[in-house]
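Peer 1: Sharing model-v6.txt (compact mmCIF, C-alpha atoms) below.
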```
# COMPACT_ATOMS: atom_id res chain seq x y z
CA MET A 1 41.37 107.98 162.50
CA SER A 2 42.33 111.65 162.97
CA ASN A 3 41.58 113.99 160.11
CA LYS A 4 44.69 116.03 160.91
CA ALA A 5 48.40 115.47 160.30
CA GLU A 6 51.05 117.09 162.48
CA LEU A 7 54.23 118.53 161.01
CA ILE A 8 57.12 119.60 163.26
CA ILE A 9 59.66 122.09 161.88
CA ASN A 10 62.37 123.49 164.18
CA GLY A 11 60.26 122.60 167.19
CA ASN A 12 57.14 124.32 165.86
CA LYS A 13 54.06 122.19 165.27
CA TYR A 14 51.69 122.69 162.35
CA GLU A 15 48.41 120.94 161.68
CA LEU A 16 47.53 119.91 158.14
CA ASP A 17 44.17 118.57 156.98
CA ILE A 18 43.89 114.97 155.78
CA ILE A 19 41.65 114.61 152.74
CA GLN A 20 39.78 111.31 152.53
CA GLY A 21 39.06 109.63 149.20
CA SER A 22 35.94 107.58 148.53
CA ASP A 23 38.16 104.51 148.00
CA GLY A 24 39.57 104.71 151.53
CA LYS A 25 42.88 106.28 150.51
CA SER A 26 43.87 109.68 151.80
CA GLY A 27 46.25 112.55 151.28
CA ILE A 28 47.70 115.44 153.26
CA ASP A 29 46.52 118.90 152.21
CA ILE A 30 49.62 121.11 152.02
CA SER A 31 47.97 124.01 150.19
CA THR A 32 48.59 126.30 153.20
CA LEU A 33 52.07 124.98 154.03
CA TYR A 34 54.03 127.86 152.50
CA ASP A 35 51.85 130.52 154.11
CA LYS A 36 52.24 128.86 157.52
CA THR A 37 55.91 127.89 157.39
CA GLY A 38 57.61 129.62 154.45
CA MET A 39 58.60 126.17 153.22
CA VAL A 40 57.57 124.06 150.24
CA THR A 41 57.70 120.34 149.57
CA ILE A 42 60.02 118.88 146.95
CA ASP A 43 58.66 116.06 144.79
CA PRO A 44 60.48 115.64 141.44
CA GLY A 45 58.11 114.05 138.96
CA PHE A 46 55.17 114.74 141.31
CA PHE A 47 54.89 111.04 142.15
CA ASN A 48 53.76 111.88 145.67
CA THR A 49 51.70 114.95 144.79
CA ALA A 50 47.99 114.99 143.93
CA ILE A 51 46.94 117.77 141.57
CA GLY A 52 43.58 117.80 143.34
CA LYS A 53 40.43 115.74 143.83
CA SER A 54 38.90 113.99 140.84
CA ARG A 55 35.88 111.77 140.16
CA VAL A 56 36.93 110.75 136.64
CA SER A 57 39.01 107.57 137.03
CA ARG A 58 40.76 105.56 139.71
CA ARG A 59 43.85 103.36 139.53
CA ASP A 60 44.82 100.91 142.28
CA ALA A 61 48.48 99.97 141.81
CA GLU A 62 48.47 97.19 144.41
CA LYS A 63 45.30 95.41 143.27
CA GLY A 64 45.75 96.10 139.57
CA GLU A 65 42.43 97.87 139.15
CA LEU A 66 41.33 100.67 136.83
CA THR A 67 37.84 102.16 136.89
CA TYR A 68 36.13 104.94 134.95
CA ARG A 69 33.55 106.73 137.10
CA GLY A 70 33.37 103.57 139.24
CA TYR A 71 33.01 101.08 136.36
CA SER A 72 35.81 98.58 135.73
CA VAL A 73 37.64 99.05 132.46
CA ARG A 74 37.04 95.36 131.69
CA ASP A 75 33.29 95.78 132.08
CA LEU A 76 33.28 98.77 129.75
CA ALA A 77 35.60 97.26 127.13
CA THR A 78 33.44 94.13 127.06
CA ASN A 79 29.99 95.74 127.00
CA SER A 80 30.20 99.41 126.08
CA THR A 81 31.19 101.43 123.01
CA PHE A 82 33.78 104.15 122.78
CA VAL A 83 31.11 106.85 122.37
CA GLU A 84 29.12 105.61 125.37
CA THR A 85 32.30 105.40 127.47
CA ALA A 86 33.27 108.91 126.34
CA TYR A 87 29.90 110.21 127.54
CA LEU A 88 30.40 108.42 130.87
CA LEU A 89 33.85 109.93 131.41
CA ILE A 90 32.89 113.45 130.35
CA TYR A 91 29.50 113.77 132.06
CA GLY A 92 29.76 111.30 134.96
CA ASP A 93 27.09 108.68 134.23
CA LEU A 94 26.21 106.19 131.53
CA PRO A 95 23.72 107.80 129.15
CA ASN A 96 20.15 106.63 128.69
CA LYS A 97 18.89 105.97 125.15
CA ASP A 98 17.86 109.58 124.52
CA GLN A 99 21.10 110.99 125.89
CA LEU A 100 23.23 108.59 123.86
CA SER A 101 21.21 109.32 120.72
CA ASP A 102 21.60 113.06 121.23
CA PHE A 103 25.33 112.74 121.90
CA SER A 104 25.83 110.58 118.79
CA LYS A 105 23.89 113.07 116.68
CA ARG A 106 26.07 115.89 117.95
CA LEU A 107 29.19 113.94 117.00
CA SER A 108 27.77 113.39 113.51
CA LYS A 109 26.77 117.04 113.22
CA HIS A 110 30.29 118.24 114.02
CA SER A 111 32.29 115.60 112.12
CA MET A 112 33.09 117.85 109.13
CA ILE A 113 35.89 120.39 109.37
CA HIS A 114 35.77 123.90 107.91
CA GLU A 115 36.70 123.78 104.23
CA ASP A 116 39.35 126.44 104.76
CA MET A 117 41.17 123.99 107.04
CA ILE A 118 41.77 121.76 104.03
CA ASN A 119 44.23 124.38 102.82
CA LEU A 120 46.20 124.08 106.07
CA PHE A 121 47.09 120.49 105.26
CA ASP A 122 48.89 121.72 102.14
CA GLY A 123 51.30 123.62 104.37
CA PHE A 124 52.70 120.40 105.83
CA PRO A 125 55.36 118.40 103.98
CA GLY A 126 54.37 114.91 102.96
CA VAL A 127 56.75 113.46 105.56
CA ALA A 128 55.15 115.42 108.42
CA HIS A 129 54.41 113.22 111.42
CA PRO A 130 50.62 112.78 111.82
CA LEU A 131 50.89 113.78 115.49
CA ALA A 132 52.40 117.14 114.52
CA VAL A 133 49.55 117.69 112.07
CA LEU A 134 46.93 116.70 114.65
CA SER A 135 48.31 119.01 117.34
CA THR A 136 48.54 121.96 114.98
CA MET A 137 45.12 121.42 113.45
CA VAL A 138 43.44 121.06 116.85
CA MET A 139 45.04 124.33 117.93
CA SER A 140 43.80 125.96 114.71
CA LEU A 141 40.21 125.20 115.73
CA SER A 142 40.61 128.10 118.18
CA SER A 143 40.58 130.41 115.17
CA TYR A 144 37.53 128.88 113.56
CA TYR A 145 35.46 128.72 116.75
CA SER A 146 36.78 131.67 118.72
CA ALA A 147 33.52 133.09 120.08
CA ASP A 148 33.04 132.27 123.75
CA TYR A 149 35.96 129.88 123.54
CA GLU A 150 36.38 129.87 127.30
CA GLU A 151 32.87 128.48 127.73
CA SER A 152 31.67 124.87 127.54
CA VAL A 153 28.73 122.79 126.41
CA ASP A 154 27.14 123.44 129.80
CA LYS A 155 26.73 127.09 128.83
CA GLY A 156 25.51 126.53 125.30
CA VAL A 157 28.83 126.21 123.45
CA ASP A 158 29.30 122.60 122.38
CA HIS A 159 33.06 122.60 121.91
CA ILE A 160 33.42 119.22 123.64
CA SER A 161 31.31 117.35 121.07
CA ARG A 162 32.82 119.48 118.31
CA LEU A 163 36.37 118.48 119.19
CA LEU A 164 35.60 114.81 119.84
CA ALA A 165 33.90 114.64 116.44
CA LYS A 166 36.49 116.52 114.42
CA VAL A 167 39.59 114.87 115.86
CA ARG A 168 38.95 111.64 113.95
CA THR A 169 38.43 113.58 110.70
CA ILE A 170 41.64 115.56 111.21
CA ALA A 171 43.49 112.33 112.07
CA ALA A 172 42.24 110.53 108.97
CA PHE A 173 43.05 113.52 106.75
CA SER A 174 46.56 113.74 108.18
CA TYR A 175 47.12 110.10 107.24
CA LYS A 176 45.82 110.70 103.71
CA LYS A 177 48.13 113.70 103.42
CA MET A 178 51.06 111.55 104.52
CA ILE A 179 50.47 108.90 101.87
CA GLY A 180 49.47 111.35 99.14
CA LYS A 181 45.92 110.10 98.63
CA PRO A 182 42.68 112.15 98.44
CA PHE A 183 40.73 113.01 101.57
CA VAL A 184 37.58 111.03 102.25
CA TYR A 185 34.81 112.90 104.03
CA PRO A 186 32.88 111.41 106.97
CA ILE A 187 29.45 109.86 106.49
CA ASP A 188 26.94 110.77 109.19
CA LYS A 189 25.15 107.42 109.27
CA TYR A 190 28.30 105.57 110.32
CA PRO A 191 29.12 105.06 114.03
CA TYR A 192 32.16 106.85 115.46
CA CYS A 193 34.83 104.18 114.97
CA THR A 194 33.36 102.95 111.69
CA ASN A 195 33.51 106.48 110.33
CA PHE A 196 37.15 106.83 111.27
CA LEU A 197 38.14 103.56 109.61
CA TYR A 198 36.12 104.51 106.53
CA MET A 199 37.90 107.87 106.20
CA LEU A 200 41.26 106.20 106.87
CA PHE A 201 41.13 103.35 104.37
CA SER A 202 38.58 104.13 101.66
CA LEU A 203 39.11 105.93 98.34
CA PRO A 204 36.59 108.16 96.55
CA ALA A 205 36.70 106.08 93.37
CA GLU A 206 36.22 102.66 94.98
CA PRO A 207 33.49 101.07 97.13
CA TYR A 208 34.65 100.22 100.64
CA GLU A 209 33.04 98.38 103.52
CA VAL A 210 34.53 98.68 107.01
CA ASN A 211 35.29 95.32 108.59
CA PRO A 212 32.82 95.12 111.54
CA TYR A 213 35.36 93.14 113.56
CA TYR A 214 37.94 95.92 113.14
CA ASP A 215 35.28 98.36 114.28
CA LYS A 216 34.71 96.28 117.43
CA ILE A 217 38.44 96.08 118.18
CA LEU A 218 38.94 99.81 117.72
CA ASN A 219 36.08 100.53 120.14
CA GLN A 220 37.72 98.23 122.69
CA PHE A 221 41.23 99.61 122.39
CA TRP A 222 40.06 103.23 122.51
CA ILE A 223 38.07 102.41 125.65
CA LEU A 224 41.23 100.94 127.20
CA TYR A 225 43.12 104.14 126.35
CA ALA A 226 40.31 106.54 127.35
CA ASP A 227 41.73 107.55 130.73
CA HIS A 228 44.44 106.56 133.19
CA GLU A 229 44.26 109.02 136.06
CA GLN A 230 46.92 111.74 136.08
CA ASN A 231 49.29 110.72 133.32
CA VAL A 232 51.57 113.41 131.88
CA ALA A 233 49.28 114.28 128.97
CA ALA A 234 46.13 114.52 131.10
CA THR A 235 47.94 116.68 133.64
CA THR A 236 49.27 118.90 130.85
CA VAL A 237 45.71 119.50 129.66
CA GLN A 238 44.77 120.59 133.16
CA LEU A 239 47.84 122.79 133.68
CA VAL A 240 47.14 124.66 130.47
CA GLY A 241 43.42 124.70 131.15
CA SER A 242 43.98 126.20 134.59
CA THR A 243 45.00 129.47 132.90
CA LYS A 244 41.55 129.61 131.27
CA ALA A 245 43.11 128.71 127.94
CA ASN A 246 40.43 127.50 125.56
CA LEU A 247 39.63 123.83 125.15
CA PHE A 248 41.41 123.49 121.80
CA ALA A 249 44.67 124.98 123.13
CA SER A 250 44.51 122.76 126.21
CA ILE A 251 43.97 119.57 124.19
CA SER A 252 46.64 120.54 121.67
CA ALA A 253 49.09 120.75 124.57
CA GLY A 254 48.03 117.29 125.72
CA ILE A 255 48.65 115.93 122.23
CA SER A 256 52.11 117.53 122.24
CA ALA A 257 52.86 115.81 125.54
CA LEU A 258 52.56 112.48 123.72
CA TRP A 259 55.66 113.27 121.64
CA GLY A 260 58.04 111.90 124.23
CA SER A 261 58.76 108.17 124.15
CA ARG A 262 57.96 107.95 127.86
CA GLU A 263 54.38 109.11 127.29
CA GLY A 264 53.35 108.21 123.73
CA GLY A 265 54.48 106.07 120.85
CA GLN A 266 55.16 103.02 123.02
CA SER A 267 53.27 100.79 120.62
CA VAL A 268 55.92 101.48 117.99
CA ALA A 269 58.48 99.69 120.16
CA ALA A 270 56.38 96.51 120.03
CA LEU A 271 56.41 96.41 116.27
CA GLU A 272 60.10 97.29 116.12
CA LEU A 273 60.87 94.40 118.48
CA VAL A 274 59.04 91.98 116.18
CA GLU A 275 60.80 93.48 113.16
CA GLU A 276 64.16 92.96 114.88
CA ILE A 277 63.27 89.31 115.49
CA ILE A 278 62.39 88.90 111.82
CA ARG A 279 65.79 90.38 110.86
CA ASN A 280 67.30 87.89 113.31
CA LYS A 281 65.83 85.00 111.30
CA GLY A 282 62.91 84.61 113.68
CA ASP A 283 65.05 83.78 116.71
CA HIS A 284 62.87 85.46 119.33
CA LYS A 285 64.67 83.79 122.22
CA ALA A 286 68.04 85.27 121.27
CA VAL A 287 66.58 88.77 120.97
CA LEU A 288 64.70 88.53 124.26
CA GLU A 289 67.67 87.02 126.10
CA LYS A 290 69.72 89.98 124.89
CA LEU A 291 67.12 92.35 126.34
CA LYS A 292 67.65 90.87 129.79
CA ILE A 293 71.17 92.26 130.04
CA GLU A 294 70.18 95.76 128.95
CA ASP A 295 69.23 98.27 131.64
CA SER A 296 66.61 99.73 129.31
CA ILE A 297 64.42 96.65 129.84
CA PHE A 298 63.35 98.10 133.19
CA GLN A 299 62.16 101.26 131.45
CA SER A 300 60.47 99.24 128.75
CA THR A 301 57.36 100.75 127.23
CA ILE A 302 55.95 97.42 126.07
CA PHE A 303 56.70 95.16 129.06
CA GLY A 304 55.21 95.85 132.47
CA HIS A 305 53.90 99.17 133.75
CA SER A 306 55.42 101.36 136.46
CA ALA A 307 51.94 102.45 137.55
CA TYR A 308 51.08 98.93 138.78
CA LYS A 309 52.66 96.52 141.22
CA THR A 310 50.83 93.65 139.54
CA VAL A 311 49.55 93.04 136.01
CA SER A 312 47.79 96.04 134.52
CA PRO A 313 44.04 95.40 134.04
CA ARG A 314 44.30 96.97 130.59
CA ALA A 315 46.97 94.42 129.62
CA ILE A 316 44.71 91.54 130.68
CA VAL A 317 41.85 92.75 128.49
CA ALA A 318 44.21 93.55 125.59
CA ARG A 319 45.68 90.04 125.82
CA GLU A 320 42.22 88.53 125.38
CA ILE A 321 41.53 90.77 122.37
CA PHE A 322 44.89 89.79 120.89
CA HIS A 323 44.22 86.05 121.15
CA GLU A 324 40.79 86.42 119.62
CA PHE A 325 42.37 88.40 116.78
CA CYS A 326 45.01 85.70 116.24
CA SER A 327 42.26 83.06 116.04
CA LYS A 328 40.81 84.94 113.05
CA TYR A 329 43.93 86.17 111.24
CA ASP A 330 47.43 84.89 110.61
CA SER A 331 50.69 86.57 109.63
CA GLU A 332 54.39 86.40 110.43
CA ILE A 333 54.01 89.44 112.68
CA LEU A 334 51.25 87.80 114.69
CA GLN A 335 53.06 84.47 114.95
CA ILE A 336 56.22 86.08 116.30
CA ALA A 337 54.20 88.26 118.69
CA LEU A 338 52.58 85.09 120.05
CA LYS A 339 56.03 83.57 120.62
CA VAL A 340 57.25 86.74 122.35
CA GLU A 341 54.21 86.69 124.60
CA GLU A 342 54.65 83.03 125.51
CA PHE A 343 58.34 83.51 126.28
CA VAL A 344 57.83 86.62 128.42
CA LEU A 345 54.91 85.21 130.40
CA ASN A 346 56.85 82.05 131.28
CA ASP A 347 60.42 83.28 131.66
CA LYS A 348 61.59 83.61 135.27
CA PHE A 349 63.43 86.90 134.71
CA PHE A 350 60.42 88.61 133.15
CA LYS A 351 58.01 87.13 135.71
CA ASP A 352 60.17 88.10 138.70
CA ASN A 353 60.41 91.69 137.43
CA ASN A 354 56.72 91.97 136.53
CA LEU A 355 57.61 92.52 132.88
CA TYR A 356 54.54 91.20 131.08
CA PRO A 357 53.32 92.27 127.61
CA ASN A 358 51.30 95.41 128.26
CA LEU A 359 48.58 97.33 126.45
CA GLU A 360 51.07 99.06 124.14
CA PHE A 361 52.54 95.73 123.06
CA TYR A 362 49.18 94.34 122.01
CA SER A 363 47.78 97.52 120.49
CA GLY A 364 50.88 98.06 118.35
CA ILE A 365 50.74 94.55 116.91
CA ILE A 366 47.01 94.68 116.24
CA PHE A 367 46.94 98.22 114.83
CA TYR A 368 49.66 97.26 112.37
CA SER A 369 47.84 94.06 111.47
CA MET A 370 44.76 96.15 110.72
CA GLY A 371 46.76 98.17 108.21
CA ILE A 372 47.61 101.18 110.37
CA PRO A 373 51.27 102.28 109.90
CA LYS A 374 53.43 102.63 112.97
CA ASN A 375 53.84 106.42 112.70
CA MET A 376 50.07 106.59 113.29
CA PHE A 377 50.18 104.64 116.56
CA THR A 378 50.63 107.66 118.83
CA LEU A 379 47.86 109.46 117.00
CA MET A 380 45.60 106.44 117.65
CA GLN A 381 46.42 106.77 121.34
CA ALA A 382 45.61 110.49 121.25
CA ILE A 383 42.10 109.89 119.92
CA GLY A 384 41.52 107.18 122.52
CA LYS A 385 42.76 109.41 125.34
CA LEU A 386 40.65 112.40 124.27
CA PRO A 387 37.52 111.57 126.35
CA GLY A 388 39.63 111.43 129.50
CA TRP A 389 41.30 114.73 128.67
CA LEU A 390 37.90 116.30 128.01
CA ALA A 391 36.58 114.90 131.28
CA HIS A 392 39.48 116.33 133.31
CA TRP A 393 39.25 119.69 131.52
CA ARG A 394 35.52 119.88 132.17
CA GLU A 395 35.96 118.82 135.80
CA LEU A 396 38.52 121.59 136.26
CA ARG A 397 36.75 124.37 134.39
CA VAL A 398 33.05 123.60 134.80
CA VAL A 399 32.48 121.27 137.76
CA SER A 400 35.11 122.56 140.20
CA SER A 401 34.14 125.59 142.25
CA ASP A 402 37.65 126.53 143.35
CA HIS A 403 40.06 125.79 140.51
CA LYS A 404 43.22 127.86 140.58
CA LYS A 405 45.92 128.61 138.05
CA ALA A 406 48.68 126.06 138.46
CA ARG A 407 51.88 127.63 139.76
CA PRO A 408 54.52 125.18 141.07
CA ARG A 409 57.29 126.47 143.30
CA GLN A 410 60.94 125.47 143.34
CA ILE A 411 64.02 125.31 145.51
CA TYR A 412 66.66 127.53 143.90
CA SER A 413 70.12 125.94 143.82
CA GLY A 414 72.04 128.37 141.59
CA GLU A 415 74.56 131.16 142.14
CA ILE A 416 73.78 134.10 144.48
CA ASN A 417 74.78 137.80 144.44
CA ARG A 418 76.86 137.73 141.28
CA VAL A 419 78.00 141.08 139.87
CA TYR A 420 78.00 141.87 136.17
CA THR A 421 81.48 141.93 134.60
CA PRO A 422 82.03 143.86 131.33
CA ILE A 423 82.86 141.56 128.44
CA GLU A 424 86.42 142.91 128.03
CA LYS A 425 87.23 141.82 131.61
CA ARG A 426 85.89 138.28 131.39
```
Render the structure in this file as structure tokens.
Peer 2:
Amino acid sequence: MSNKAELIINGNKYELDIIQGSDGKSGIDISTLYDKTGMVTIDPGFFNTAIGKSRVSRRDAEKGELTYRGYSVRDLATNSTFVETAYLLIYGDLPNKDQLSDFSKRLSKHSMIHEDMINLFDGFPGVAHPLAVLSTMVMSLSSYYSADYEESVDKGVDHISRLLAKVRTIAAFSYKKMIGKPFVYPIDKYPYCTNFLYMLFSLPAEPYEVNPYYDKILNQFWILYADHEQNVAATTVQLVGSTKANLFASISAGISALWGSREGGQSVAALELVEEIIRNKGDHKAVLEKLKIEDSIFQSTIFGHSAYKTVSPRAIVAREIFHEFCSKYDSEILQIALKVEEFVLNDKFFKDNNLYPNLEFYSGIIFYSMGIPKNMFTLMQAIGKLPGWLAHWRELRVVSSDHKKARPRQIYSGEINRVYTPIEKR
């Protein structure tokens, strides 16, 4: 196969390099196209544009595969922990015992936030969305750790561990602020997910033991969310990071990208669907039949996934977690969710359109069943996605030898050569 592509414009031929991926797929390098031809490509949504080469994760839409650094997401969700998977994504390989121990100790060391930051929570109204609090508080870390903020752990500044550790504390505190209950500080001896659940649900005046099964589930779901190639949030982190903005500013931008319903908060729709069925006297068939005639079903955030032409591998793993959960716990929410799943997986319309219950469907139902309110769902996604964001940021800023500031071009389609008219003559 030739490693060159030929482009013909107005009879002139131009050669463009073909970049080969390790998975056998390839892309055309158009980085010199404008210099050679004076033309640019147009790709709204960037669905046919690669931001660059990456070794972090790989998605195969046709086969329904997702791998982190070459490991299948199923393998990791079944056997690994969130902290171990985070290390893999950020640094490229699974850690040995000493490396994992050191990484865990760093996360414990950095889990507290500066006491002055406690005062910042008082500036938010009680109804403030936890995602708004998280984004703002992550950005504020730039002020508390400003020295050498353009550097990384590789050069002696451990901002990566610092942020990964503190994000769960900030998230738990934002929840406590929302419900008007006292903050609970992290305990170093607890593992990552256990510590988060402890801060989220315990009270200073009462003993509290984290349910080990909830801890297991949270590890699994956060692994499933940890990375998904170049989604909008991950790309936002890289776009901001390409300017040499510090890590905290870059991640805060990624968190903000989750605000839109097309990128974050999809799990809320799952719970709202179940709630609608409850209001409809439990008639799930009537509600789902109604969905079929609505165009929005094809942009559904809880059925199917536009990034796959078959069932998403994350949905398959999440389905197994969901059924195990339902074998241990029972509620009206879970029973209706089971009926929705059965209907969707067996209905011809949903099957023909590849509209299966996806990761967001299962995570929303389970998070709520664990006691996590729905306005925390997007925040839960943000914590899970953080290792992938950190990995892409580090790959861009530390590993890459030729990273450039992102600067998209455009094709102007507005007015030309207009002359200013004084206001009295308009």
Peer 1: Looking at A:Asp93, A:Glu320, A:Asp215, A:Asp102, which one is nearest to A:Ala391, with distances taken over only C-alpha atoms?
Peer 2: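 Looking only at the distances to A:Ala391, the closest residue turns out to be A:Asp93.
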Peer 1: Counting all atoms listed in the file, find residues at most 7 Å from (43.6, 109.7, 138.1) (file frame) and give them as a count of residues only.
Peer 2: 8
Peer 1: Near stretch 295-302 of chain A, counting all atoms listed in the file, which residues have an atom at most 10 Å away, once you skip same-chain residues fewer than 5 positions from it, shown as JSON, numbers by chain?
Peer 2: {"A": [261, 262, 263, 264, 265, 266, 267, 268, 269, 270, 271, 273, 288, 290, 350, 353, 354, 355, 356, 357, 358, 359, 360, 361, 362, 363, 364]}
Peer 1: Env of A:Val127: 10 Å cut, atoms = only C-alpha atoms, seq-sep filter 4 positions within chain, self excluded. Answer as a PDB file with C-alpha atoms, keeping the file's coordinate frame.
Peer 2:
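Result saved to result.pdb:
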```pdb
ATOM      1  CA  LYS A 177      48.130 113.700 103.420  1.00  0.00           C
ATOM      2  CA  MET A 178      51.060 111.550 104.520  1.00  0.00           C
ATOM      3  CA  ILE A 179      50.470 108.900 101.870  1.00  0.00           C
ATOM      4  CA  GLY A 180      49.470 111.350  99.140  1.00  0.00           C
TER       5      GLY A 180
END
```
Peer 1: When distances are computed from all atoms listed in the file, which of A:Val210, A:Ala132, A:Ile160, A:Leu76 shows the smallest separation from A:Leu386?
Peer 2: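 Closest to A:Leu386, using all atoms listed in the file: A:Ile160.
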Peer 1: Which residue out of A:Glu341, A:Asp43, A:Glu84, A:Glu115 has the minimum interatomic distance to A:Phe103 when all atoms listed in the file are used?
Peer 2: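 Counting all atoms listed in the file, the residue closest to A:Phe103 is A:Glu84.
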Peer 1: Need to verify the contact set: A:Phe46, 12 Å, all atoms listed in the file, exclusion of same-chain residues closer than 2 positions in sequence. Can you return it as a PyMOL selection string?
Peer 2: chain A and resi 41-44+48-51+230-232+235+408
Peer 1: Convert the current residue selection to file output with C-alpha atoms, as a short mmCIF file (atom, residue, chain, number, x, y, z; two decimals), in the coordinates of the input.
Peer 2:
```cif
data_model
loop_
_atom_site.label_atom_id
_atom_site.label_comp_id
_atom_site.auth_asym_id
_atom_site.auth_seq_id
_atom_site.Cartn_x
_atom_site.Cartn_y
_atom_site.Cartn_z
CA THR A 41 57.70 120.34 149.57
CA ILE A 42 60.02 118.88 146.95
CA ASP A 43 58.66 116.06 144.79
CA PRO A 44 60.48 115.64 141.44
CA ASN A 48 53.76 111.88 145.67
CA THR A 49 51.70 114.95 144.79
CA ALA A 50 47.99 114.99 143.93
CA ILE A 51 46.94 117.77 141.57
CA GLN A 230 46.92 111.74 136.08
CA ASN A 231 49.29 110.72 133.32
CA VAL A 232 51.57 113.41 131.88
CA THR A 235 47.94 116.68 133.64
CA PRO A 408 54.52 125.18 141.07
#
```
Peer 1: At the level of N, CA, C and O atoms, write stretch 199-213 of chain A to a file as an mmCIF file, in the first residue's frame, please.
Peer 2:
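Output saved as result_39.cif:
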```
data_model
loop_
_atom_site.group_PDB
_atom_site.id
_atom_site.type_symbol
_atom_site.label_atom_id
_atom_site.label_comp_id
_atom_site.auth_asym_id
_atom_site.auth_seq_id
_atom_site.Cartn_x
_atom_site.Cartn_y
_atom_site.Cartn_z
ATOM 1 N N MET A 199 -16.977 10.308 52.341
ATOM 2 C CA MET A 199 -17.172 11.757 52.424
ATOM 3 C C MET A 199 -18.568 12.157 51.960
ATOM 4 O O MET A 199 -19.162 13.114 52.460
ATOM 5 N N LEU A 200 -19.117 11.403 51.015
ATOM 6 C CA LEU A 200 -20.415 11.743 50.426
ATOM 7 C C LEU A 200 -21.570 11.457 51.385
ATOM 8 O O LEU A 200 -22.493 12.271 51.531
ATOM 9 N N PHE A 201 -21.517 10.313 52.071
ATOM 10 C CA PHE A 201 -22.686 9.849 52.804
ATOM 11 C C PHE A 201 -22.576 9.884 54.333
ATOM 12 O O PHE A 201 -23.583 9.772 55.016
ATOM 13 N N SER A 202 -21.381 10.038 54.878
ATOM 14 C CA SER A 202 -21.251 9.980 56.331
ATOM 15 C C SER A 202 -21.508 11.345 56.969
ATOM 16 O O SER A 202 -21.510 12.380 56.288
ATOM 17 N N LEU A 203 -21.718 11.329 58.277
ATOM 18 C CA LEU A 203 -21.892 12.548 59.065
ATOM 19 C C LEU A 203 -20.910 12.517 60.235
ATOM 20 O O LEU A 203 -20.626 11.440 60.774
ATOM 21 N N PRO A 204 -20.400 13.686 60.635
ATOM 22 C CA PRO A 204 -19.397 13.710 61.705
ATOM 23 C C PRO A 204 -19.879 13.099 63.019
ATOM 24 O O PRO A 204 -19.093 12.547 63.778
ATOM 25 N N ALA A 205 -21.169 13.182 63.287
ATOM 26 C CA ALA A 205 -21.693 12.747 64.585
ATOM 27 C C ALA A 205 -22.125 11.287 64.615
ATOM 28 O O ALA A 205 -22.542 10.781 65.653
ATOM 29 N N GLU A 206 -22.033 10.598 63.471
ATOM 30 C CA GLU A 206 -22.535 9.226 63.411
ATOM 31 C C GLU A 206 -21.501 8.287 62.791
ATOM 32 O O GLU A 206 -20.794 8.671 61.859
ATOM 33 N N PRO A 207 -21.398 7.065 63.289
ATOM 34 C CA PRO A 207 -20.499 6.085 62.658
ATOM 35 C C PRO A 207 -21.050 5.689 61.290
ATOM 36 O O PRO A 207 -22.271 5.636 61.084
ATOM 37 N N TYR A 208 -20.166 5.414 60.362
ATOM 38 C CA TYR A 208 -20.609 5.058 59.008
ATOM 39 C C TYR A 208 -19.610 4.097 58.390
ATOM 40 O O TYR A 208 -18.393 4.320 58.432
ATOM 41 N N GLU A 209 -20.126 3.029 57.825
ATOM 42 C CA GLU A 209 -19.301 2.058 57.119
ATOM 43 C C GLU A 209 -19.725 2.020 55.653
ATOM 44 O O GLU A 209 -20.909 1.858 55.351
ATOM 45 N N VAL A 210 -18.772 2.204 54.755
ATOM 46 C CA VAL A 210 -19.069 2.168 53.323
ATOM 47 C C VAL A 210 -19.394 0.740 52.914
ATOM 48 O O VAL A 210 -18.687 -0.207 53.270
ATOM 49 N N ASN A 211 -20.476 0.586 52.173
ATOM 50 C CA ASN A 211 -20.865 -0.715 51.652
ATOM 51 C C ASN A 211 -19.800 -1.184 50.657
ATOM 52 O O ASN A 211 -19.581 -0.543 49.628
ATOM 53 N N PRO A 212 -19.097 -2.296 50.935
ATOM 54 C CA PRO A 212 -18.020 -2.746 50.032
ATOM 55 C C PRO A 212 -18.520 -3.064 48.623
ATOM 56 O O PRO A 212 -17.763 -2.934 47.656
ATOM 57 N N TYR A 213 -19.775 -3.458 48.495
ATOM 58 C CA TYR A 213 -20.316 -3.734 47.164
ATOM 59 C C TYR A 213 -20.492 -2.438 46.383
ATOM 60 O O TYR A 213 -20.220 -2.390 45.179
#
```
